[in-house]
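Source file: target-v2.cif. Holds: mmCIF, C-alpha atoms.
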data_input
loop_
_atom_site.group_PDB
_atom_site.id
_atom_site.type_symbol
_atom_site.label_atom_id
_atom_site.label_comp_id
_atom_site.auth_asym_id
_atom_site.auth_seq_id
_atom_site.Cartn_x
_atom_site.Cartn_y
_atom_site.Cartn_z
ATOM 1 C CA MET A 1 -8.410 -4.902 11.885
ATOM 2 C CA ILE A 2 -5.374 -2.689 11.354
ATOM 3 C CA ARG A 3 -2.602 -4.337 9.392
ATOM 4 C CA PRO A 4 0.905 -2.856 9.240
ATOM 5 C CA ARG A 5 1.925 -1.966 5.704
ATOM 6 C CA ARG A 6 5.198 -0.179 6.357
ATOM 7 C CA SER A 7 7.084 -2.034 3.637
ATOM 8 C CA LEU A 8 5.835 -3.941 0.584
ATOM 9 C CA LEU A 9 8.593 -5.344 -1.609
ATOM 10 C CA PHE A 10 8.217 -6.051 -5.328
ATOM 11 C CA MET A 11 9.556 -9.494 -6.266
ATOM 12 C CA PRO A 12 9.786 -10.549 -9.949
ATOM 13 C CA GLY A 13 7.636 -13.579 -10.642
ATOM 14 C CA SER A 14 10.085 -14.840 -13.235
ATOM 15 C CA ASN A 15 12.842 -15.233 -10.615
ATOM 16 C CA ALA A 16 12.269 -18.464 -8.676
ATOM 17 C CA ARG A 17 15.088 -17.714 -6.237
ATOM 18 C CA ALA A 18 13.600 -14.317 -5.423
ATOM 19 C CA LEU A 19 10.201 -15.883 -4.746
ATOM 20 C CA GLU A 20 11.805 -18.341 -2.338
ATOM 21 C CA LYS A 21 13.858 -15.631 -0.622
ATOM 22 C CA ALA A 22 10.702 -13.576 -0.154
ATOM 23 C CA ARG A 23 9.582 -16.018 2.559
ATOM 24 C CA THR A 24 12.467 -14.937 4.796
ATOM 25 C CA LEU A 25 12.552 -11.156 4.383
ATOM 26 C CA PRO A 26 11.414 -8.869 7.258
ATOM 27 C CA VAL A 27 8.795 -7.037 5.213
ATOM 28 C CA ASP A 28 5.160 -6.437 6.049
ATOM 29 C CA GLY A 29 4.113 -7.478 2.569
ATOM 30 C CA LEU A 30 5.231 -8.824 -0.786
ATOM 31 C CA ILE A 31 4.143 -7.857 -4.280
ATOM 32 C CA LEU A 32 4.742 -10.802 -6.593
ATOM 33 C CA ASP A 33 5.170 -9.050 -9.913
ATOM 34 C CA LEU A 34 3.977 -9.947 -13.400
ATOM 35 C CA GLU A 35 4.332 -6.458 -14.858
ATOM 36 C CA ASP A 36 7.392 -4.195 -15.035
ATOM 37 C CA ALA A 37 9.908 -6.664 -13.602
ATOM 38 C CA VAL A 38 8.999 -9.403 -16.094
ATOM 39 C CA ALA A 39 9.961 -9.443 -19.779
ATOM 40 C CA PRO A 40 7.187 -10.224 -22.309
ATOM 41 C CA ASP A 41 8.623 -13.636 -23.156
ATOM 42 C CA ALA A 42 8.759 -14.544 -19.455
ATOM 43 C CA LYS A 43 5.158 -13.639 -18.552
ATOM 44 C CA ALA A 44 3.827 -17.214 -18.775
ATOM 45 C CA LEU A 45 6.701 -18.590 -16.693
ATOM 46 C CA ALA A 46 6.217 -15.881 -14.084
ATOM 47 C CA ARG A 47 2.502 -16.592 -13.940
ATOM 48 C CA ASP A 48 3.116 -20.296 -13.290
ATOM 49 C CA GLN A 49 5.819 -19.654 -10.696
ATOM 50 C CA ILE A 50 3.705 -17.167 -8.768
ATOM 51 C CA ALA A 51 0.750 -19.563 -8.777
ATOM 52 C CA GLN A 52 2.964 -22.300 -7.339
ATOM 53 C CA ALA A 53 4.537 -19.977 -4.764
ATOM 54 C CA VAL A 54 1.191 -18.714 -3.476
ATOM 55 C CA ALA A 55 -0.265 -22.231 -3.403
ATOM 56 C CA ALA A 56 2.707 -23.406 -1.333
ATOM 57 C CA ARG A 57 2.062 -20.627 1.227
ATOM 58 C CA GLY A 58 4.854 -20.307 3.779
ATOM 59 C CA PHE A 59 4.867 -16.493 3.725
ATOM 60 C CA GLY A 60 3.991 -16.279 7.404
ATOM 61 C CA LYS A 61 2.210 -13.093 8.454
ATOM 62 C CA ARG A 62 3.385 -11.193 5.381
ATOM 63 C CA GLU A 63 0.621 -9.778 3.203
ATOM 64 C CA VAL A 64 0.863 -11.221 -0.310
ATOM 65 C CA LEU A 65 -0.273 -9.241 -3.348
ATOM 66 C CA ILE A 66 0.023 -10.201 -6.998
ATOM 67 C CA ARG A 67 0.599 -7.367 -9.462
ATOM 68 C CA ILE A 68 -1.002 -8.202 -12.786
ATOM 69 C CA ASN A 69 -0.382 -6.458 -16.094
ATOM 70 C CA ALA A 70 -2.391 -3.390 -17.051
ATOM 71 C CA LEU A 71 -5.793 -3.615 -18.701
ATOM 72 C CA ASP A 72 -4.390 -2.325 -22.000
ATOM 73 C CA SER A 73 -2.011 -5.310 -22.207
ATOM 74 C CA PRO A 74 -2.671 -8.736 -23.768
ATOM 75 C CA TRP A 75 -1.835 -10.518 -20.503
ATOM 76 C CA TRP A 76 -4.167 -9.113 -17.870
ATOM 77 C CA ILE A 77 -7.001 -11.635 -18.218
ATOM 78 C CA ASP A 78 -4.663 -14.621 -17.881
ATOM 79 C CA ASP A 79 -2.950 -12.886 -14.963
ATOM 80 C CA LEU A 80 -6.240 -12.178 -13.229
ATOM 81 C CA ASN A 81 -7.548 -15.697 -13.789
ATOM 82 C CA MET A 82 -4.440 -17.089 -12.122
ATOM 83 C CA ALA A 83 -4.466 -14.575 -9.277
ATOM 84 C CA GLY A 84 -8.150 -15.127 -8.559
ATOM 85 C CA LYS A 85 -7.617 -18.870 -8.260
ATOM 86 C CA ALA A 86 -4.363 -18.585 -6.291
ATOM 87 C CA ARG A 87 -6.098 -16.598 -3.509
ATOM 88 C CA PRO A 88 -3.472 -14.064 -2.463
ATOM 89 C CA ASP A 89 -4.431 -11.379 0.023
ATOM 90 C CA GLY A 90 -4.801 -8.902 -2.793
ATOM 91 C CA ILE A 91 -4.340 -8.059 -6.454
ATOM 92 C CA LEU A 92 -2.487 -4.904 -7.475
ATOM 93 C CA VAL A 93 -3.694 -3.456 -10.772
ATOM 94 C CA PRO A 94 -1.471 -0.995 -12.677
ATOM 95 C CA LYS A 95 -2.708 2.165 -14.373
ATOM 96 C CA ILE A 96 -6.223 2.216 -12.981
ATOM 97 C CA SER A 97 -7.645 5.438 -14.406
ATOM 98 C CA SER A 98 -11.404 5.145 -13.977
ATOM 99 C CA VAL A 99 -14.204 3.418 -12.123
ATOM 100 C CA ALA A 100 -14.800 1.468 -15.344
ATOM 101 C CA ASP A 101 -11.352 -0.096 -14.940
ATOM 102 C CA LEU A 102 -12.255 -1.253 -11.419
ATOM 103 C CA THR A 103 -15.545 -2.617 -12.737
ATOM 104 C CA ALA A 104 -13.728 -4.649 -15.401
ATOM 105 C CA ILE A 105 -11.558 -6.242 -12.715
ATOM 106 C CA ALA A 106 -14.547 -6.868 -10.443
ATOM 107 C CA ASP A 107 -16.578 -8.449 -13.247
ATOM 108 C CA ARG A 108 -13.778 -10.826 -14.154
ATOM 109 C CA LEU A 109 -13.209 -11.849 -10.538
ATOM 110 C CA SER A 110 -16.936 -12.493 -10.229
ATOM 111 C CA ASP A 111 -16.938 -14.566 -13.412
ATOM 112 C CA ILE A 112 -14.291 -16.913 -11.995
ATOM 113 C CA ASN A 113 -15.892 -16.970 -8.523
ATOM 114 C CA ALA A 114 -12.777 -15.578 -6.876
ATOM 115 C CA ASP A 115 -12.830 -15.721 -3.098
ATOM 116 C CA GLN A 116 -14.368 -12.590 -1.566
ATOM 117 C CA SER A 117 -11.394 -12.193 0.769
ATOM 118 C CA ILE A 118 -9.190 -11.097 -2.155
ATOM 119 C CA ARG A 119 -8.834 -7.314 -2.132
ATOM 120 C CA VAL A 120 -8.009 -5.038 -5.069
ATOM 121 C CA TRP A 121 -5.360 -2.311 -4.934
ATOM 122 C CA ALA A 122 -5.278 0.405 -7.591
ATOM 123 C CA MET A 123 -2.030 1.868 -8.851
ATOM 124 C CA ILE A 124 -2.483 5.590 -9.439
ATOM 125 C CA GLU A 125 -0.077 6.229 -12.302
ATOM 126 C CA THR A 126 -1.836 8.448 -14.814
ATOM 127 C CA ALA A 127 -2.940 12.055 -14.994
ATOM 128 C CA ARG A 128 -6.559 10.934 -15.302
ATOM 129 C CA ALA A 129 -6.266 8.753 -12.202
ATOM 130 C CA VAL A 130 -4.934 11.657 -10.149
ATOM 131 C CA LEU A 131 -7.651 13.994 -11.391
ATOM 132 C CA ASP A 132 -10.359 11.409 -10.652
ATOM 133 C CA ALA A 133 -8.836 10.004 -7.448
ATOM 134 C CA ASP A 134 -11.967 10.850 -5.450
ATOM 135 C CA LYS A 135 -14.271 9.104 -7.925
ATOM 136 C CA ILE A 136 -12.049 6.025 -7.979
ATOM 137 C CA ALA A 137 -11.805 5.914 -4.181
ATOM 138 C CA ALA A 138 -15.573 6.414 -3.860
ATOM 139 C CA ALA A 139 -16.086 3.209 -5.852
ATOM 140 C CA SER A 140 -15.061 1.353 -2.693
ATOM 141 C CA ARG A 141 -18.616 1.973 -1.435
ATOM 142 C CA ASP A 142 -19.616 -0.798 -3.843
ATOM 143 C CA SER A 143 -18.261 -3.938 -2.181
ATOM 144 C CA GLU A 144 -18.063 -5.652 -5.558
ATOM 145 C CA THR A 145 -15.033 -3.540 -6.447
ATOM 146 C CA ARG A 146 -13.107 -5.028 -3.469
ATOM 147 C CA LEU A 147 -11.067 -1.798 -3.392
ATOM 148 C CA ALA A 148 -8.699 -1.633 -0.412
ATOM 149 C CA GLY A 149 -6.487 1.275 -1.369
ATOM 150 C CA PHE A 150 -4.106 3.050 -3.719
ATOM 151 C CA VAL A 151 -0.451 2.702 -4.561
ATOM 152 C CA PHE A 152 0.935 6.017 -5.820
ATOM 153 C CA GLY A 153 3.108 5.542 -8.922
ATOM 154 C CA PRO A 154 5.361 8.587 -9.348
ATOM 155 C CA TYR A 155 7.493 7.362 -12.246
ATOM 156 C CA ASP A 156 4.651 6.688 -14.651
ATOM 157 C CA ILE A 157 2.987 9.951 -13.625
ATOM 158 C CA SER A 158 6.251 11.752 -14.347
ATOM 159 C CA ARG A 159 6.524 10.086 -17.747
ATOM 160 C CA GLU A 160 2.978 10.993 -18.733
ATOM 161 C CA THR A 161 2.842 14.509 -17.344
ATOM 162 C CA ARG A 162 6.490 15.532 -17.920
ATOM 163 C CA ILE A 163 6.638 16.681 -14.297
ATOM 164 C CA ARG A 164 10.235 16.043 -13.314
ATOM 165 C CA MET A 165 11.206 13.709 -10.513
ATOM 166 C CA LYS A 166 13.594 15.641 -8.260
ATOM 167 C CA PRO A 167 14.905 15.026 -4.742
ATOM 168 C CA GLY A 168 12.259 16.176 -2.301
ATOM 169 C CA ARG A 169 9.435 15.701 -4.853
ATOM 170 C CA ALA A 170 8.204 19.274 -4.346
ATOM 171 C CA GLU A 171 6.599 19.282 -7.781
ATOM 172 C CA MET A 172 4.543 16.176 -6.923
ATOM 173 C CA ILE A 173 3.345 17.087 -3.444
ATOM 174 C CA PRO A 174 0.025 18.571 -4.664
ATOM 175 C CA MET A 175 -0.795 15.315 -6.468
ATOM 176 C CA ILE A 176 0.285 13.191 -3.516
ATOM 177 C CA THR A 177 -1.843 15.214 -1.117
ATOM 178 C CA HIS A 178 -4.822 15.013 -3.465
ATOM 179 C CA CYS A 179 -4.596 11.208 -3.557
ATOM 180 C CA VAL A 180 -4.094 10.932 0.207
ATOM 181 C CA LEU A 181 -7.205 13.062 0.790
ATOM 182 C CA ALA A 182 -9.221 10.895 -1.610
ATOM 183 C CA THR A 183 -8.315 7.696 0.208
ATOM 184 C CA ARG A 184 -8.943 9.103 3.673
ATOM 185 C CA ALA A 185 -12.309 10.513 2.616
ATOM 186 C CA HIS A 186 -13.391 6.970 1.778
ATOM 187 C CA GLY A 187 -11.600 5.016 4.484
ATOM 188 C CA LEU A 188 -8.900 3.502 2.267
ATOM 189 C CA GLU A 189 -5.174 2.919 2.656
ATOM 190 C CA ILE A 190 -2.473 4.472 0.459
ATOM 191 C CA LEU A 191 1.114 3.389 -0.130
ATOM 192 C CA ASP A 192 3.973 5.444 -1.533
ATOM 193 C CA GLY A 193 5.770 4.400 -4.701
ATOM 194 C CA PRO A 194 9.326 3.017 -4.802
ATOM 195 C CA TYR A 195 12.588 4.935 -4.651
ATOM 196 C CA GLY A 196 14.763 4.319 -7.676
ATOM 197 C CA ASP A 197 18.274 5.264 -6.502
ATOM 198 C CA ILE A 198 18.958 1.978 -4.727
ATOM 199 C CA ALA A 199 22.429 2.838 -3.420
ATOM 200 C CA ASN A 200 21.366 6.189 -1.939
ATOM 201 C CA ILE A 201 20.141 5.017 1.466
ATOM 202 C CA ASP A 202 20.115 8.555 2.893
ATOM 203 C CA GLY A 203 17.953 9.775 0.031
ATOM 204 C CA PHE A 204 15.670 6.792 0.463
ATOM 205 C CA ALA A 205 15.304 7.427 4.194
ATOM 206 C CA ALA A 206 14.488 11.087 3.549
ATOM 207 C CA GLU A 207 11.771 10.128 1.063
ATOM 208 C CA CYS A 208 10.353 7.565 3.527
ATOM 209 C CA ALA A 209 10.137 10.227 6.233
ATOM 210 C CA GLN A 210 8.511 12.628 3.795
ATOM 211 C CA GLY A 211 5.997 9.972 2.745
ATOM 212 C CA ARG A 212 5.146 9.199 6.354
ATOM 213 C CA ASP A 213 4.609 12.897 7.090
ATOM 214 C CA LEU A 214 2.447 13.318 3.980
ATOM 215 C CA GLY A 215 0.131 10.584 5.247
ATOM 216 C CA PHE A 216 1.195 7.408 3.438
ATOM 217 C CA ASP A 217 0.676 4.167 5.373
ATOM 218 C CA GLY A 218 3.904 2.686 4.041
ATOM 219 C CA LYS A 219 6.113 2.413 0.988
ATOM 220 C CA THR A 220 6.595 -0.016 -1.870
ATOM 221 C CA LEU A 221 10.189 -1.125 -2.361
ATOM 222 C CA ILE A 222 12.277 -2.491 -5.206
ATOM 223 C CA HIS A 223 15.310 -3.708 -3.238
ATOM 224 C CA PRO A 224 15.726 -5.637 0.035
ATOM 225 C CA SER A 225 18.411 -3.197 1.228
ATOM 226 C CA HIS A 226 15.638 -0.635 1.801
ATOM 227 C CA ILE A 227 13.574 -2.784 4.170
ATOM 228 C CA GLY A 228 15.256 -1.870 7.462
ATOM 229 C CA ALA A 229 15.097 1.889 7.025
ATOM 230 C CA CYS A 230 11.531 1.748 5.737
ATOM 231 C CA ASN A 231 10.279 -0.337 8.657
ATOM 232 C CA ALA A 232 12.026 1.892 11.172
ATOM 233 C CA ILE A 233 10.658 5.140 9.741
ATOM 234 C CA PHE A 234 7.062 3.914 9.464
ATOM 235 C CA THR A 235 7.088 2.396 12.969
ATOM 236 C CA PRO A 236 5.640 4.721 15.632
ATOM 237 C CA PRO A 237 8.482 5.776 17.980
ATOM 238 C CA ALA A 238 8.403 4.232 21.452
ATOM 239 C CA GLU A 239 7.858 7.617 23.093
ATOM 240 C CA GLU A 240 4.893 8.305 20.799
ATOM 241 C CA VAL A 241 3.341 4.948 21.720
ATOM 242 C CA ALA A 242 3.937 5.595 25.420
ATOM 243 C CA MET A 243 2.233 8.993 25.164
ATOM 244 C CA ALA A 244 -0.670 7.417 23.268
ATOM 245 C CA ARG A 245 -1.184 4.917 26.077
ATOM 246 C CA LYS A 246 -1.014 7.741 28.602
ATOM 247 C CA ILE A 247 -3.683 9.710 26.730
ATOM 248 C CA ILE A 248 -6.021 6.714 26.605
ATOM 249 C CA ALA A 249 -5.476 5.994 30.283
ATOM 250 C CA ALA A 250 -6.185 9.620 31.191
ATOM 251 C CA PHE A 251 -9.517 9.684 29.352
ATOM 252 C CA GLN A 252 -10.496 6.408 31.017
ATOM 253 C CA GLN A 253 -10.300 8.009 34.449
ATOM 254 C CA PRO A 254 -13.823 8.439 35.931
ATOM 255 C CA GLU A 255 -13.353 12.165 36.416
ATOM 256 C CA ASN A 256 -12.610 12.599 32.683
ATOM 257 C CA ALA A 257 -15.386 10.401 31.329
ATOM 258 C CA SER A 258 -17.581 13.320 30.247
ATOM 259 C CA ARG A 259 -14.855 15.763 29.297
ATOM 260 C CA GLY A 260 -14.053 16.716 25.733
ATOM 261 C CA ALA A 261 -10.609 18.004 26.654
ATOM 262 C CA ILE A 262 -8.221 17.557 29.567
ATOM 263 C CA GLN A 263 -4.822 18.788 30.655
ATOM 264 C CA LEU A 264 -2.036 16.231 30.465
ATOM 265 C CA ASP A 265 1.598 17.022 31.232
ATOM 266 C CA GLY A 266 0.888 20.727 30.912
ATOM 267 C CA ARG A 267 -0.832 20.645 27.518
ATOM 268 C CA MET A 268 -4.403 20.473 26.313
ATOM 269 C CA VAL A 269 -5.485 17.077 24.974
ATOM 270 C CA GLU A 270 -8.811 16.622 23.185
ATOM 271 C CA ARG A 271 -10.917 13.589 22.325
ATOM 272 C CA LEU A 272 -9.568 13.686 18.779
ATOM 273 C CA HIS A 273 -6.117 13.052 20.233
ATOM 274 C CA ALA A 274 -7.513 9.970 21.939
ATOM 275 C CA GLU A 275 -8.745 8.665 18.579
ATOM 276 C CA MET A 276 -5.316 9.266 17.061
ATOM 277 C CA ALA A 277 -3.742 7.580 20.096
ATOM 278 C CA ARG A 278 -5.866 4.462 19.611
ATOM 279 C CA ARG A 279 -4.657 4.106 16.049
ATOM 280 C CA THR A 280 -1.018 4.588 17.094
ATOM 281 C CA ILE A 281 -1.398 1.860 19.701
ATOM 282 C CA ALA A 282 -3.174 -0.448 17.251
ATOM 283 C CA ILE A 283 -0.386 -0.030 14.683
ATOM 284 C CA ALA A 284 2.316 -0.572 17.316
ATOM 285 C CA ASP A 285 0.586 -3.702 18.598
ATOM 286 C CA ALA A 286 0.123 -5.043 15.070
ATOM 287 C CA ILE A 287 3.824 -4.481 14.313
ATOM 288 C CA ALA A 288 4.762 -6.280 17.529
ATOM 289 C CA ALA A 289 2.533 -9.183 16.516
ATOM 290 C CA MET A 290 4.302 -9.362 13.129
ATOM 291 C CA ALA A 291 7.609 -9.851 14.930
#
Could you quickly redo this structure as structure tokens?
Amino acid sequence: MIRPRRSLLFMPGSNARALEKARTLPVDGLILDLEDAVAPDAKALARDQIAQAVAARGFGKREVLIRINALDSPWWIDDLNMAGKARPDGILVPKISSVADLTAIADRLSDINADQSIRVWAMIETARAVLDADKIAAASRDSETRLAGFVFGPYDISRETRIRMKPGRAEMIPMITHCVLATRAHGLEILDGPYGDIANIDGFAAECAQGRDLGFDGKTLIHPSHIGACNAIFTPPAEEVAMARKIIAAFQQPENASRGAIQLDGRMVERLHAEMARRTIAIADAIAAMA
């Protein structure tokens, strides 16, 4: 089943009002955060509030992820114990750098008998993670890892590598493409990282469009003001959906049943275009169902 993931908004677990507001926002998903957005002395409070919020449900069709703290922190086991029992749709793990990291998460979830429906998302935020993206993605072949996809983390990568974050992200495109290829090779999803200049809506929209064109399935957000533009940019345009339906209909005609390519509106259309068209239609239908 294809699930739209155009926009996933980080919400700090220590902010009870934010957790309540999250139930009303027009996002495809929510990331209830225990890591960067939560001060060390507020971790326990955030953990309790997220557990209560997830238990109360009421998030509608929005996908709900819980971001725990990284495996090199003193909090991750308590975070994971809570998340495994709370049964969100997924758990987002920061700074995954190896298959061993995924195994540590999988082992702990197994130890607490966490429901098998809970998926794991890996944040790719280190040089080692980028270099080993294919190995990490390949771990999804073992169902015990529960791996559903990557979230690309440009700011931590920039900090570690000293590659500068500039408008247009030209310096990061090779790394982005490498991670996109790794996920697609293993049938996984990949989400773009957040945009930090909250007030610069034009800059945000440009980065969304770039991310879409580079192959991301959607974008993580840090402010509700970004939701509208993000959803619009990652939604297939109406004319693209209409053409997709036309391509499918054309190949379903009896005279085209055995053809690998046909002419449609004066251009050559191949079977691979039909496969792409099916995904476009599936995404469009899933977005309509969200509404």
Next on the checklist: Please expand the PyMOL selection byres ((chain A and resi 234) around 7) into the concrete residues it hits in this file, giving the result as a PyMOL selection string.
Outcome noted: chain A and resi 6+212+218+230-233+235-236
Checklist entry - What residues come out when you apply the PyMOL selection byres ((chain A and resi 25) around 12) to this file, written as a ChimeraX atom specification? => result /A:7-11,18-24,26-30,58-62,223-228,231,291
Next on the checklist: Restricting the calculation to only C-alpha atoms: of A:Ser97, A:Gln49, A:Thr220, A:Gln210, which residue gets closest to Asp192 in chain A?
Outcome noted: A:Thr220
Item to check | d(CA of Gly193 in chain A, CA of Ala133 in chain A) in Å | outcome: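 CA of Ala133 in chain A lies at a distance of 15.9 Å from CA of Gly193 in chain A.
Here the question is which of A:Asp107, A:Asp202, A:Asp142, A:Glu239 gets nearest to Asn81 in chain A using all atoms listed in the file, and that residue is A:Asp107.
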Please write as a compact mmCIF listing (two decimals) with C-alpha atoms, in the coordinates of the input the full residue list that the PyMOL selection byres ((chain A and resi 124) around 9) yields on this file.
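Final output, selection-v6.txt:
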# COMPACT_ATOMS: atom_id res chain seq x y z
CA PRO A 94 -1.47 -1.00 -12.68
CA LYS A 95 -2.71 2.16 -14.37
CA ILE A 96 -6.22 2.22 -12.98
CA SER A 97 -7.64 5.44 -14.41
CA ALA A 122 -5.28 0.40 -7.59
CA MET A 123 -2.03 1.87 -8.85
CA GLU A 125 -0.08 6.23 -12.30
CA THR A 126 -1.84 8.45 -14.81
CA ALA A 127 -2.94 12.06 -14.99
CA ARG A 128 -6.56 10.93 -15.30
CA ALA A 129 -6.27 8.75 -12.20
CA VAL A 130 -4.93 11.66 -10.15
CA ALA A 133 -8.84 10.00 -7.45
CA PHE A 150 -4.11 3.05 -3.72
CA VAL A 151 -0.45 2.70 -4.56
CA PHE A 152 0.94 6.02 -5.82
CA GLY A 153 3.11 5.54 -8.92
CA PRO A 154 5.36 8.59 -9.35
CA ASP A 156 4.65 6.69 -14.65
CA ILE A 157 2.99 9.95 -13.62
CA CYS A 179 -4.60 11.21 -3.56
Checklist entry - Expressed in Å to a single decimal, how great is the separation between CA of Ile118 in chain A and CA of Pro4 in chain A? => result 17.3 Å
Checklist entry - Can you find the residues with an atom no farther than 10 Å from (-3.3, -15.7, -16.1), counting all atoms listed in the file, and report them as a list in words? => result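 Residues with an atom close enough to that point: Leu34, Lys43, Ala44, Ala46, Arg47, Asp48, Ala51, Ile68, Asn69, Trp75, Trp76, Ile77, Asp78, Asp79, Leu80, Asn81, Met82, Ala83, Gly84 and Lys85 of chain A.
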Next on the checklist: Just the number, please: distance in Å from CA of His178 in chain A to CA of Asp134 in chain A, one decimal.
Outcome noted: 8.5 Å
Next on the checklist: Considering all atoms listed in the file, can you say which of A:Ala238, A:Leu109, A:Ile201, A:Tyr195 comes closest to Asp285 in chain A?
Outcome noted: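 Closest residue, counting all atoms listed in the file: A:Ala238.
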